[in-house]
$ cat data.csv   # CSV, C-alpha atoms
chain,number,residue,atom,x,y,z
R,28,MET,CA,0.0,0.0,0.0
R,29,SER,CA,2.8,2.4,0.8
R,30,TRP,CA,4.4,1.9,-2.6
R,31,ILE,CA,1.0,2.4,-4.3
R,32,LEU,CA,0.5,5.7,-2.5
R,33,ALA,CA,4.1,6.7,-3.4
R,34,VAL,CA,3.4,6.1,-7.1
R,35,LEU,CA,0.1,8.1,-6.8
R,36,THR,CA,2.0,10.9,-5.0
R,37,GLY,CA,4.5,11.0,-7.8
R,38,LEU,CA,1.8,11.0,-10.5
R,39,ALA,CA,-0.1,13.8,-8.8
R,40,LEU,CA,3.1,15.9,-8.4
R,41,GLY,CA,3.9,15.4,-12.1
R,42,LEU,CA,0.4,16.4,-13.2
R,43,LEU,CA,0.6,19.5,-11.0
R,44,LEU,CA,3.9,20.6,-12.5
R,45,TRP,CA,2.6,20.0,-16.0
R,46,GLN,CA,-0.5,22.1,-15.1
R,47,TRP,CA,1.7,24.9,-13.7
R,48,PHE,CA,3.9,24.8,-16.9
R,49,GLU,CA,0.8,25.2,-19.1
R,50,ALA,CA,-0.3,28.2,-17.1
R,51,ILE,CA,3.1,29.8,-17.3
R,52,ARG,CA,3.4,29.5,-21.1
R,53,PHE,CA,-0.1,30.8,-21.9
R,54,PRO,CA,-0.2,34.5,-23.0
R,55,LEU,CA,-2.7,35.6,-20.3
R,56,HIS,CA,-3.9,39.2,-20.5
R,57,ARG,CA,-2.1,39.7,-23.8
R,58,ARG,CA,-3.9,42.2,-26.1
R,59,LYS,CA,-4.0,42.0,-29.9
R,60,VAL,CA,-4.2,45.0,-32.3
R,61,ALA,CA,-7.8,45.3,-33.4
R,62,ALA,CA,-6.8,46.0,-37.1
R,63,GLY,CA,-10.3,47.3,-37.9
R,64,PHE,CA,-12.1,44.0,-37.4
R,65,ALA,CA,-15.3,44.9,-35.5
R,66,PRO,CA,-18.4,42.8,-36.6
R,67,GLY,CA,-21.8,43.8,-35.2
R,68,LEU,CA,-22.5,42.2,-31.8
R,69,THR,CA,-25.6,41.5,-29.8
R,70,LEU,CA,-25.1,41.0,-26.1
R,71,LEU,CA,-27.6,38.7,-24.4
R,72,LYS,CA,-27.9,39.2,-20.6
R,73,PRO,CA,-30.3,37.0,-18.7
R,74,LEU,CA,-31.0,38.5,-15.3
R,75,LYS,CA,-32.6,37.3,-12.0
R,76,GLY,CA,-32.4,39.4,-8.9
R,77,ALA,CA,-29.8,42.0,-8.0
R,78,ASP,CA,-27.1,42.4,-5.4
R,79,SER,CA,-24.6,45.1,-4.4
R,80,GLU,CA,-22.4,44.3,-7.5
R,81,THR,CA,-25.1,44.0,-10.2
R,82,GLU,CA,-25.3,47.7,-11.3
R,83,ALA,CA,-21.5,48.1,-11.6
R,84,CYS,CA,-21.2,44.8,-13.6
R,85,LEU,CA,-23.9,45.8,-16.0
R,86,ARG,CA,-22.6,49.3,-16.4
R,87,SER,CA,-19.2,48.0,-17.4
R,88,TRP,CA,-20.8,46.5,-20.6
R,89,LEU,CA,-22.2,49.9,-21.5
R,90,THR,CA,-18.9,51.8,-21.3
R,91,LEU,CA,-16.9,49.6,-23.7
R,92,ASP,CA,-14.6,51.0,-26.4
R,93,TYR,CA,-15.8,49.1,-29.5
R,94,ALA,CA,-15.8,50.3,-33.1
R,95,GLY,CA,-18.7,48.2,-34.3
R,96,PRO,CA,-22.4,48.3,-33.5
R,97,VAL,CA,-23.5,46.8,-30.2
R,98,GLN,CA,-27.0,45.8,-29.3
R,99,VAL,CA,-27.7,44.9,-25.7
R,100,LEU,CA,-30.7,42.8,-24.7
R,101,PHE,CA,-31.4,42.4,-21.0
R,102,GLY,CA,-33.9,39.6,-20.1
R,103,VAL,CA,-36.0,39.2,-16.9
R,104,ALA,CA,-38.8,36.8,-16.2
R,105,ASP,CA,-40.8,39.4,-14.3
R,106,ALA,CA,-41.1,43.1,-14.9
R,107,GLU,CA,-40.9,43.7,-11.1
R,108,ASP,CA,-37.6,41.8,-10.8
R,109,PRO,CA,-35.0,44.0,-8.9
R,110,ALA,CA,-32.7,43.6,-11.9
R,111,ALA,CA,-35.3,45.3,-14.1
R,112,ALA,CA,-35.0,48.5,-12.0
R,113,VAL,CA,-31.3,48.4,-12.4
R,114,VAL,CA,-31.6,48.2,-16.2
R,115,ARG,CA,-34.1,51.1,-16.3
R,116,ARG,CA,-31.6,53.3,-14.4
R,117,LEU,CA,-28.9,52.4,-16.8
R,118,GLN,CA,-31.1,53.1,-19.8
R,119,THR,CA,-31.6,56.6,-18.4
R,120,GLU,CA,-27.9,57.0,-17.7
R,121,PHE,CA,-26.9,55.8,-21.2
R,122,PRO,CA,-29.7,57.1,-23.6
R,123,GLN,CA,-27.4,56.7,-26.6
R,124,ALA,CA,-26.8,53.0,-26.1
R,125,ASP,CA,-28.9,50.4,-28.0
R,126,VAL,CA,-30.3,48.8,-24.9
R,127,GLU,CA,-33.6,46.9,-24.5
R,128,LEU,CA,-35.2,45.4,-21.4
R,129,VAL,CA,-37.2,42.3,-22.4
R,130,VAL,CA,-39.7,40.5,-20.1
R,131,CYS,CA,-39.3,36.8,-20.9
R,132,THR,CA,-42.5,35.4,-19.5
R,133,GLY,CA,-42.2,31.9,-20.9
R,134,ARG,CA,-40.5,29.0,-19.1
R,135,LEU,CA,-39.3,26.8,-21.9
R,136,GLY,CA,-37.4,24.3,-19.8
R,137,PRO,CA,-35.8,23.8,-16.4
R,138,ASN,CA,-32.8,26.0,-17.2
R,139,SER,CA,-34.3,29.4,-16.6
R,140,LYS,CA,-31.2,31.3,-17.8
R,141,VAL,CA,-31.3,29.5,-21.2
R,142,SER,CA,-35.0,29.9,-21.4
R,143,LYS,CA,-34.5,33.7,-21.3
R,144,LEU,CA,-31.7,33.4,-23.9
R,145,ALA,CA,-34.0,31.5,-26.2
R,146,GLN,CA,-36.6,34.3,-26.0
R,147,LEU,CA,-33.9,37.0,-26.5
R,148,GLU,CA,-32.3,35.3,-29.5
R,149,PRO,CA,-35.0,36.2,-32.1
R,150,ARG,CA,-34.5,39.9,-31.2
R,151,ALA,CA,-30.8,39.8,-32.1
R,152,ARG,CA,-29.8,41.9,-35.1
R,153,HIS,CA,-26.1,41.1,-35.5
R,154,THR,CA,-23.9,38.3,-36.7
R,155,VAL,CA,-22.1,37.5,-33.4
R,156,LEU,CA,-24.0,36.8,-30.2
R,157,VAL,CA,-22.3,37.4,-26.8
R,158,VAL,CA,-23.8,35.7,-23.8
R,159,SER,CA,-22.7,36.8,-20.3
R,160,ASP,CA,-23.7,36.1,-16.7
R,161,ALA,CA,-25.1,39.0,-14.7
R,162,ASP,CA,-22.2,39.1,-12.3
R,163,VAL,CA,-19.5,39.6,-14.9
R,164,ALA,CA,-17.6,42.9,-15.2
R,165,VAL,CA,-15.3,43.6,-18.2
R,166,PRO,CA,-12.5,46.0,-19.1
R,167,PRO,CA,-13.1,48.8,-21.7
R,168,ASP,CA,-11.4,47.0,-24.5
R,169,PHE,CA,-12.9,43.6,-23.9
R,170,LEU,CA,-15.3,43.3,-26.9
R,171,ALA,CA,-12.5,44.5,-29.3
R,172,GLN,CA,-10.3,41.6,-28.0
R,173,LEU,CA,-13.1,39.0,-27.7
R,174,VAL,CA,-13.9,39.2,-31.4
R,175,GLN,CA,-10.4,38.9,-32.8
R,176,PRO,CA,-10.3,35.1,-33.0
R,177,PHE,CA,-13.4,35.3,-35.3
R,178,GLY,CA,-11.1,36.7,-37.9
R,179,GLU,CA,-9.4,33.3,-38.1
R,180,ALA,CA,-10.8,30.5,-40.3
R,181,GLY,CA,-13.1,27.9,-38.6
R,182,VAL,CA,-13.6,29.6,-35.2
R,183,GLY,CA,-17.2,29.2,-34.2
R,184,LEU,CA,-17.1,30.2,-30.5
R,185,VAL,CA,-14.8,32.4,-28.4
R,186,THR,CA,-14.7,32.3,-24.6
R,187,PRO,CA,-12.4,34.0,-22.0
R,188,PHE,CA,-11.1,32.9,-18.7
R,189,TYR,CA,-12.6,34.6,-15.6
R,190,GLN,CA,-11.6,35.3,-12.1
R,191,LEU,CA,-13.6,35.4,-8.8
R,192,ALA,CA,-12.8,39.0,-8.0
R,193,THR,CA,-14.6,39.7,-4.7
R,194,PRO,CA,-14.0,36.9,-2.2
R,195,ALA,CA,-15.2,38.4,1.1
R,196,THR,CA,-15.4,35.3,3.3
R,197,ALA,CA,-13.2,32.3,4.0
R,198,ALA,CA,-15.6,30.1,2.0
R,199,MET,CA,-15.4,32.5,-1.0
R,200,HIS,CA,-11.6,32.5,-0.8
R,201,TRP,CA,-11.7,28.7,-0.9
R,202,GLU,CA,-13.8,28.7,-4.0
R,203,ALA,CA,-11.7,31.6,-5.5
R,204,LEU,CA,-8.6,29.4,-5.2
R,205,ALA,CA,-10.4,26.7,-7.1
R,206,VAL,CA,-11.1,29.1,-9.9
R,207,ASN,CA,-8.3,31.6,-9.9
R,208,ALA,CA,-5.5,29.1,-9.4
R,209,ASP,CA,-6.7,25.7,-10.5
R,210,PHE,CA,-9.6,25.9,-13.0
R,211,TRP,CA,-8.0,28.0,-15.8
R,212,SER,CA,-4.7,26.2,-15.6
R,213,SER,CA,-6.5,22.8,-15.7
R,214,VAL,CA,-8.4,23.9,-18.8
R,215,LEU,CA,-5.1,24.6,-20.5
R,216,GLN,CA,-3.8,21.2,-19.5
R,217,ALA,CA,-6.9,19.5,-21.0
R,218,VAL,CA,-6.6,21.5,-24.2
R,219,ARG,CA,-3.0,20.3,-24.6
R,220,LEU,CA,-4.5,16.8,-24.9
R,221,GLY,CA,-7.0,17.6,-27.6
R,222,PRO,CA,-9.2,20.3,-29.1
R,223,MET,CA,-11.3,22.4,-26.6
R,224,ARG,CA,-14.9,21.2,-26.8
R,225,PHE,CA,-16.6,23.2,-24.0
R,226,ALA,CA,-17.2,26.9,-23.4
R,227,LEU,CA,-16.6,28.8,-20.1
R,228,GLY,CA,-20.0,30.1,-19.0
R,229,ALA,CA,-19.1,33.5,-17.7
R,230,VAL,CA,-18.8,34.9,-21.3
R,231,MET,CA,-19.4,33.1,-24.6
R,232,ALA,CA,-19.4,34.6,-28.1
R,233,VAL,CA,-20.8,32.5,-30.9
R,234,ARG,CA,-21.4,33.0,-34.6
R,235,ARG,CA,-25.1,33.4,-35.1
R,236,GLU,CA,-25.2,31.0,-38.1
R,237,VAL,CA,-23.5,28.3,-36.1
R,238,LEU,CA,-26.0,28.8,-33.2
R,239,GLN,CA,-28.9,28.5,-35.6
R,240,ALA,CA,-27.4,25.4,-37.2
R,241,ILE,CA,-27.4,23.6,-33.8
R,242,GLY,CA,-31.0,24.5,-33.0
R,243,GLY,CA,-30.5,27.8,-31.1
R,244,PHE,CA,-30.6,28.3,-27.4
R,245,GLY,CA,-34.0,26.6,-27.3
R,246,SER,CA,-32.2,23.2,-27.8
R,247,LEU,CA,-30.3,23.7,-24.5
R,248,VAL,CA,-33.1,24.5,-22.1
R,249,HIS,CA,-33.0,21.0,-20.5
R,250,TYR,CA,-29.3,21.2,-19.6
R,251,LEU,CA,-27.7,22.7,-16.5
R,252,ALA,CA,-24.2,23.0,-18.0
R,253,ASP,CA,-25.3,25.0,-21.1
R,254,ASP,CA,-21.8,26.2,-21.6
R,255,PHE,CA,-20.5,22.6,-21.9
R,256,GLU,CA,-23.4,21.5,-24.1
R,257,LEU,CA,-23.0,24.6,-26.4
R,258,GLY,CA,-19.3,23.9,-26.8
R,259,GLN,CA,-20.0,20.2,-27.6
R,260,ARG,CA,-22.5,21.1,-30.3
R,261,VAL,CA,-20.5,23.9,-31.9
R,262,THR,CA,-17.4,21.8,-32.3
R,263,GLY,CA,-19.6,19.0,-33.7
R,264,ARG,CA,-20.6,21.2,-36.6
R,265,ARG,CA,-18.8,21.2,-40.0
R,266,PRO,CA,-18.5,24.6,-41.7
R,267,THR,CA,-19.0,24.9,-45.4
R,268,ALA,CA,-16.2,26.6,-47.3
R,269,SER,CA,-17.3,30.1,-48.4
R,270,PRO,CA,-15.9,33.5,-49.3
R,271,ALA,CA,-17.0,34.7,-45.9
R,272,GLU,CA,-14.5,32.4,-44.2
R,273,PRO,CA,-11.4,32.2,-46.3
R,274,GLY,CA,-9.2,29.2,-45.5
R,275,VAL,CA,-12.0,27.0,-44.2
R,276,VAL,CA,-11.8,23.5,-45.7
R,277,GLU,CA,-15.1,21.8,-46.1
R,278,GLY,CA,-15.3,18.8,-43.7
R,279,ASP,CA,-13.3,20.6,-40.9
R,280,ARG,CA,-15.1,21.1,-37.6
R,281,TYR,CA,-15.7,24.5,-36.0
R,282,ARG,CA,-13.3,25.1,-33.1
R,283,ILE,CA,-13.3,27.1,-29.9
R,284,ALA,CA,-10.8,29.8,-29.2
R,285,VAL,CA,-9.8,31.2,-25.8
R,286,CYS,CA,-9.6,35.0,-25.5
R,287,PRO,CA,-6.6,35.8,-23.2
R,288,VAL,CA,-8.3,38.8,-21.7
R,289,VAL,CA,-9.7,37.9,-18.2
R,290,VAL,CA,-13.2,39.1,-17.0
R,291,ALA,CA,-14.2,39.5,-13.4
R,292,CYS,CA,-17.1,37.8,-11.6
R,293,ARG,CA,-18.2,40.0,-8.7
R,294,GLU,CA,-20.5,38.7,-6.0
R,295,SER,CA,-21.9,39.8,-2.7
R,296,PRO,CA,-20.6,37.8,0.4
R,297,ARG,CA,-21.7,34.2,0.7
R,298,GLY,CA,-21.2,31.6,3.4
R,299,TRP,CA,-20.0,28.0,3.5
R,300,GLY,CA,-23.5,26.6,2.9
R,301,ALA,CA,-24.1,28.4,-0.4
R,302,ILE,CA,-20.5,27.7,-1.6
R,303,TRP,CA,-20.8,24.0,-0.8
R,304,ARG,CA,-24.1,23.7,-2.6
R,305,HIS,CA,-22.6,25.5,-5.6
R,306,GLN,CA,-19.7,23.1,-5.7
R,307,VAL,CA,-21.9,20.0,-5.3
R,308,ARG,CA,-24.0,21.2,-8.2
R,309,TRP,CA,-21.1,21.5,-10.6
R,310,ALA,CA,-19.4,18.3,-9.4
R,311,ARG,CA,-22.5,16.3,-10.1
R,312,THR,CA,-23.1,18.0,-13.4
R,313,ILE,CA,-19.5,17.3,-14.5
R,314,ARG,CA,-19.7,13.7,-13.3
R,315,HIS,CA,-22.7,13.2,-15.7
R,316,CYS,CA,-21.3,15.2,-18.6
R,317,GLN,CA,-17.8,13.7,-18.5
R,318,PRO,CA,-17.9,10.6,-16.3
R,319,GLY,CA,-14.6,9.1,-17.3
R,320,PRO,CA,-12.4,12.2,-16.9
R,321,TYR,CA,-14.2,13.1,-13.7
R,322,ALA,CA,-13.6,9.7,-12.2
R,323,LEU,CA,-9.9,10.0,-13.0
R,324,SER,CA,-9.6,13.5,-11.8
R,325,VAL,CA,-8.9,12.4,-8.2
R,326,LEU,CA,-5.6,11.0,-9.4
R,327,SER,CA,-4.3,14.6,-9.8
R,328,ASN,CA,-5.0,15.6,-6.2
R,329,PRO,CA,-1.5,16.7,-5.0
R,330,THR,CA,-2.4,16.8,-1.3
R,331,LEU,CA,-4.6,13.7,-0.8
R,332,TRP,CA,-2.1,11.1,-1.8
R,333,PRO,CA,1.0,12.3,0.1
R,334,VAL,CA,-1.2,12.8,3.2
R,335,LEU,CA,-2.5,9.2,2.9
R,336,GLY,CA,1.1,8.1,2.3
R,337,VAL,CA,2.2,9.6,5.6
R,338,LEU,CA,-0.8,8.1,7.4
R,339,ALA,CA,0.0,4.6,5.9
R,340,ALA,CA,3.7,4.8,6.9
R,341,PRO,CA,4.3,7.5,9.6
R,342,ALA,CA,7.9,6.4,10.1
R,343,SER,CA,8.8,6.6,6.4
R,344,VAL,CA,11.3,9.4,5.5
R,345,LEU,CA,10.2,9.0,1.9
R,346,ALA,CA,6.6,9.6,2.7
R,347,TRP,CA,7.3,12.7,4.7
R,348,THR,CA,9.6,14.0,2.0
R,349,GLY,CA,6.9,13.4,-0.6
R,350,LEU,CA,4.4,15.3,1.5
R,351,ALA,CA,6.8,18.3,2.0
R,352,VAL,CA,7.7,18.4,-1.7
R,353,CYS,CA,4.0,18.2,-2.8
R,354,LEU,CA,2.9,20.8,-0.3
R,355,GLY,CA,5.6,23.2,-1.2
R,356,THR,CA,4.9,22.8,-4.9
R,357,ARG,CA,1.2,23.1,-4.4
R,358,LEU,CA,1.5,26.3,-2.4
R,359,GLY,CA,3.9,27.8,-5.0
R,360,MET,CA,1.7,26.9,-7.9
R,361,ALA,CA,-1.5,28.2,-6.2
R,362,ALA,CA,0.1,31.5,-5.3
R,363,HIS,CA,1.7,32.1,-8.7
R,364,CYS,CA,-1.3,31.0,-10.8
R,365,GLN,CA,-3.8,33.1,-8.8
R,366,ALA,CA,-1.5,36.1,-8.9
R,367,ARG,CA,-1.0,35.8,-12.6
R,368,LEU,CA,-4.7,35.6,-13.3
R,369,ARG,CA,-5.6,38.5,-11.0
R,370,ARG,CA,-2.3,40.4,-11.7
R,371,SER,CA,-2.1,41.0,-7.9
R,372,TRP,CA,-0.5,39.3,-4.9
R,373,ALA,CA,-3.1,40.8,-2.6
R,374,HIS,CA,-4.7,37.5,-1.6
R,375,LEU,CA,-1.4,35.7,-0.9
R,376,ARG,CA,-2.3,35.2,2.8
R,377,TRP,CA,-5.1,32.9,1.7
R,378,VAL,CA,-2.9,30.5,-0.2
R,379,TRP,CA,-2.8,28.2,2.8
R,380,LEU,CA,-6.3,27.2,1.7
R,381,ALA,CA,-4.9,25.3,-1.3
R,382,PRO,CA,-4.3,22.0,0.5
R,383,VAL,CA,-7.5,22.5,2.4
R,384,LYS,CA,-9.2,22.9,-1.0
R,385,ASP,CA,-7.6,19.6,-2.2
R,386,LEU,CA,-8.8,17.6,0.8
R,387,LEU,CA,-12.3,19.0,0.7
R,388,GLY,CA,-12.2,18.5,-3.0
R,389,ALA,CA,-11.6,14.7,-2.4
R,390,VAL,CA,-14.7,14.7,-0.2
R,391,LEU,CA,-16.6,16.6,-2.9
R,392,TRP,CA,-15.4,14.2,-5.6
R,393,ALA,CA,-16.8,11.2,-3.6
R,394,TRP,CA,-20.0,13.1,-2.6
R,395,ALA,CA,-20.8,13.7,-6.3
R,396,PHE,CA,-21.2,9.9,-6.7
R,397,LEU,CA,-23.6,9.6,-3.8
R,398,GLY,CA,-26.5,11.4,-5.3
R,399,GLN,CA,-28.1,13.0,-8.3
R,400,THR,CA,-30.0,15.9,-6.8
R,401,ILE,CA,-28.8,19.6,-6.8
R,402,GLU,CA,-30.1,22.9,-5.7
R,403,TRP,CA,-30.1,25.8,-8.1
R,404,ARG,CA,-31.7,29.3,-7.6
R,405,GLY,CA,-34.0,28.0,-4.9
R,406,GLU,CA,-35.2,25.0,-6.8
R,407,ARG,CA,-34.3,21.3,-6.6
R,408,TYR,CA,-33.4,19.1,-9.6
R,409,ARG,CA,-32.2,15.7,-10.4
R,410,VAL,CA,-29.2,15.5,-12.9
R,411,ARG,CA,-29.7,12.8,-15.5
R,412,ARG,CA,-27.3,11.2,-17.9
R,413,GLY,CA,-25.6,13.7,-20.1
R,414,GLY,CA,-26.3,16.6,-17.7
R,415,ARG,CA,-30.1,16.8,-18.4
R,416,LEU,CA,-32.2,18.4,-15.6
R,417,GLU,CA,-35.3,16.9,-14.2
R,418,PRO,CA,-37.2,19.3,-11.9
R,419,LEU,CA,-38.3,18.0,-8.5
R,420,VAL,CA,-41.4,19.1,-6.6
R,421,GLY,CA,-40.8,21.6,-3.8
R,422,ARG,CA,-38.9,24.9,-3.6
R,423,VAL,CA,-36.0,25.3,-1.2
R,424,GLU,CA,-36.2,28.4,1.0
R,425,ARG,CA,-32.9,29.8,2.3
R,426,VAL,CA,-32.4,32.6,4.8
R,427,PRO,CA,-30.8,35.7,3.3
R,428,ALA,CA,-27.6,35.4,5.4
R,429,ASP,CA,-26.8,32.2,3.6
$ encode --input "data.csv" --output "structure tokens"
Amino acid sequence: MSWILAVLTGLALGLLLWQWFEAIRFPLHRRKVAAGFAPGLTLLKPLKGADSETEACLRSWLTLDYAGPVQVLFGVADAEDPAAAVVRRLQTEFPQADVELVVCTGRLGPNSKVSKLAQLEPRARHTVLVVSDADVAVPPDFLAQLVQPFGEAGVGLVTPFYQLATPATAAMHWEALAVNADFWSSVLQAVRLGPMRFALGAVMAVRREVLQAIGGFGSLVHYLADDFELGQRVTGRRPTASPAEPGVVEGDRYRIAVCPVVVACRESPRGWGAIWRHQVRWARTIRHCQPGPYALSVLSNPTLWPVLGVLAAPASVLAWTGLAVCLGTRLGMAAHCQARLRRSWAHLRWVWLAPVKDLLGAVLWAWAFLGQTIEWRGERYRVRRGGRLEPLVGRVERVPAD
């Protein structure tokens, strides 16, 4: 057993170093010269509720420096939703902007966000559709950078990395480490093994003709991981060679490009309960969407295996050496990758949460196999094969402090 744990420790350490290497070599935050390429864009913003960060996040999309036309469609399910009041204030503040508030009264499926997108889609006037969550704030040049990959042949979807920018509690710092240090670097590691076939849900830009070819947003209303499903379907399409896309070879598949400019997700404070439910939701969704890779993901845990090695052989110098090397590398990787994504070392004092995140992540990994139910926006669902959602009867009420 000790030797098995030693091999697993070495494997996890090797995977961690590889992940760190991929993060170092990626041109994060690098800007490209716009070169006059500015296709018309329609921004689709599904909204539900508002917090202390909502107005600032939405305002950032209305102050962008972009040469082409931009149409902004905000969607709410109820005209009295607090987010609707925020949008009306912004319409008054930016009367020159092409902004429309749309009340999406239909519930087309269990994914309420995608249901709104499906109702906003017919109102779009431009060739590129940009989808963004309500809590995302962007820099002034973001759209100009986001569209650049569409100038390349065969790019059907563009998505950027994102950071959790406002961790205000220990629980949020734990989740921030998972995103700001581990998630984006693990995406790069996965892409090294093969073409990217999933989008990152904070922001997704897709060619309108490609979206229409896969059935539009209406075809995604039964999936929780709409970003994963959209990426799968876009990369499954084969473009037809045309003068509009020089260099495209008929038979090739559309591909997904990563924009190196990072956006910021800004949230009000949340506690451990809300963070844990969020992590369980995504763990169970990923388990159903990618069962094989998810099952194997525990092998890359750089804290779990050396800790078990020490517990199995507490007198072993090799086991303690492996633990020390893994912990040192893990802390260094977490500190550097988070600082690189955020371009700041301000949260270095929370880096000690990295091994805690790994150990809780092992519990989360196992927990994902012990059930199929999730909670999302106050409602309960069962996640089925392929990530399909099945609504369950009964709404979950949470106290505001949670």
$ closest_residue --input "data.csv" --among "R:Leu70, R:Ala195, R:Val325, R:Leu40" --to "Trp299 (chain R)" --atoms "only C-alpha atoms"
R:Ala195
$ atom_distance --input "data.csv" --atom1 "CA of Gly355 (chain R)" --atom2 "CA of Tyr321 (chain R)"
25.5 Å
$ closest_residue --input "data.csv" --among "R:Gln239, R:Asn207, R:Gln190, R:Gln365" --to "Thr154 (chain R)" --atoms "all atoms listed in the file"
R:Gln239
$ atom_distance --input "data.csv" --atom1 "CA of Tyr250 (chain R)" --atom2 "CA of Arg152 (chain R)"
25.9 Å
$ residues_around --input "data.csv" --residues "Ala362 (chain R)" --least-positions-apart "2" --cutoff "10 Å" --atoms "all atoms listed in the file" --output "list of chain:residue names"
R:Leu204, R:Asn207, R:Ala208, R:Thr356, R:Arg357, R:Leu358, R:Gly359, R:Met360, R:Cys364, R:Gln365, R:Ala366, R:Arg367, R:Trp372, R:His374, R:Leu375, R:Arg376, R:Trp377, R:Val378, R:Trp379, R:Ala381
$ atom_distance --input "data.csv" --atom1 "CA of Val103 (chain R)" --atom2 "CA of Phe225 (chain R)"
26.1 Å
$ residues_around --input "data.csv" --residues "Thr90 (chain R)" --least-positions-apart "5" --cutoff "10 Å" --atoms "only C-alpha atoms" --output "list of chain:residue names"
R:Leu85, R:Phe121, R:Ala124, R:Val165, R:Pro166, R:Pro167, R:Asp168
$ write_last_selection --input "data.csv" --atoms "C-alpha atoms" --output "compact mmCIF listing (two decimals), keeping the file's coordinate frame"
# COMPACT_ATOMS: atom_id res chain seq x y z
CA LEU R 85 -23.90 45.80 -16.00
CA PHE R 121 -26.90 55.80 -21.20
CA ALA R 124 -26.80 53.00 -26.10
CA VAL R 165 -15.30 43.60 -18.20
CA PRO R 166 -12.50 46.00 -19.10
CA PRO R 167 -13.10 48.80 -21.70
CA ASP R 168 -11.40 47.00 -24.50
$ residues_around --input "data.csv" --residues "Leu326 (chain R)" --least-positions-apart "5" --cutoff "10 Å" --atoms "only C-alpha atoms" --output "number ranges by chain"
R: 35-36, 38-39, 42, 321, 331-332, 389
$ closest_residue --input "data.csv" --among "R:Gly413, R:Pro333, R:Pro418, R:Pro296" --to "Phe255 (chain R)" --atoms "all atoms listed in the file"
R:Gly413
$ residues_around --input "data.csv" --residues "Ile401 (chain R)" --least-positions-apart "4" --cutoff "6 Å" --atoms "all atoms listed in the file" --output "MDAnalysis selection string"
chainID R and resid 308 407:408
$ residues_around --input "data.csv" --residues "region 51-62 of chain R" --least-positions-apart "3" --cutoff "12 Å" --atoms "all atoms listed in the file" --output "ChimeraX atom specification"
/R:44-48,65-66,92-95,166,168-178,187-189,208,211-216,218-219,285-290,360,363-370
$ closest_residue --input "data.csv" --among "R:Ala50, R:Ala203, R:Ala180, R:Val230" --to "Pro73 (chain R)" --atoms "all atoms listed in the file"
R:Val230
$ closest_residue --input "data.csv" --among "R:Gly263, R:Pro122, R:Gly349, R:Pro329" --to "Leu386 (chain R)" --atoms "only C-alpha atoms"
R:Pro329
$ closest_residue --input "data.csv" --among "R:Arg404, R:Glu294, R:Leu354, R:Asp253" --to "Val334 (chain R)" --atoms "all atoms listed in the file"
R:Leu354
$ build_atoms --input "data.csv" --residues "region 323-334 of chain R" --atoms "N, CA and C atoms" --output "PDB file, in the coordinates of the input"
ATOM      1  N   LEU R 323     -11.395   9.982 -13.059  1.00  0.00           N
ATOM      2  CA  LEU R 323      -9.900  10.000 -13.000  1.00  0.00           C
ATOM      3  C   LEU R 323      -9.330  11.211 -12.385  1.00  0.00           C
ATOM      4  N   SER R 324     -10.124  12.268 -12.249  1.00  0.00           N
ATOM      5  CA  SER R 324      -9.600  13.500 -11.800  1.00  0.00           C
ATOM      6  C   SER R 324      -8.992  13.457 -10.369  1.00  0.00           C
ATOM      7  N   VAL R 325      -9.444  12.505  -9.554  1.00  0.00           N
ATOM      8  CA  VAL R 325      -8.900  12.400  -8.200  1.00  0.00           C
ATOM      9  C   VAL R 325      -7.450  11.990  -8.191  1.00  0.00           C
ATOM     10  N   LEU R 326      -6.981  11.403  -9.282  1.00  0.00           N
ATOM     11  CA  LEU R 326      -5.600  11.000  -9.400  1.00  0.00           C
ATOM     12  C   LEU R 326      -4.643  12.220  -9.351  1.00  0.00           C
ATOM     13  N   SER R 327      -5.152  13.382  -9.736  1.00  0.00           N
ATOM     14  CA  SER R 327      -4.300  14.600  -9.800  1.00  0.00           C
ATOM     15  C   SER R 327      -4.321  15.393  -8.531  1.00  0.00           C
ATOM     16  N   ASN R 328      -4.907  14.859  -7.466  1.00  0.00           N
ATOM     17  CA  ASN R 328      -5.000  15.600  -6.200  1.00  0.00           C
ATOM     18  C   ASN R 328      -3.611  15.592  -5.521  1.00  0.00           C
ATOM     19  N   PRO R 329      -2.917  16.732  -5.470  1.00  0.00           N
ATOM     20  CA  PRO R 329      -1.500  16.700  -5.000  1.00  0.00           C
ATOM     21  C   PRO R 329      -1.385  16.765  -3.471  1.00  0.00           C
ATOM     22  N   THR R 330      -2.478  16.842  -2.741  1.00  0.00           N
ATOM     23  CA  THR R 330      -2.400  16.800  -1.300  1.00  0.00           C
ATOM     24  C   THR R 330      -2.937  15.509  -0.716  1.00  0.00           C
ATOM     25  N   LEU R 331      -3.973  14.951  -1.318  1.00  0.00           N
ATOM     26  CA  LEU R 331      -4.600  13.700  -0.800  1.00  0.00           C
ATOM     27  C   LEU R 331      -3.618  12.581  -0.716  1.00  0.00           C
ATOM     28  N   TRP R 332      -2.921  12.282  -1.803  1.00  0.00           N
ATOM     29  CA  TRP R 332      -2.100  11.100  -1.800  1.00  0.00           C
ATOM     30  C   TRP R 332      -0.884  11.155  -0.908  1.00  0.00           C
ATOM     31  N   PRO R 333      -0.141  12.262  -0.848  1.00  0.00           N
ATOM     32  CA  PRO R 333       1.000  12.300   0.100  1.00  0.00           C
ATOM     33  C   PRO R 333       0.493  12.267   1.574  1.00  0.00           C
ATOM     34  N   VAL R 334      -0.671  12.850   1.870  1.00  0.00           N
ATOM     35  CA  VAL R 334      -1.200  12.800   3.200  1.00  0.00           C
ATOM     36  C   VAL R 334      -1.538  11.318   3.576  1.00  0.00           C
TER      37      VAL R 334
END
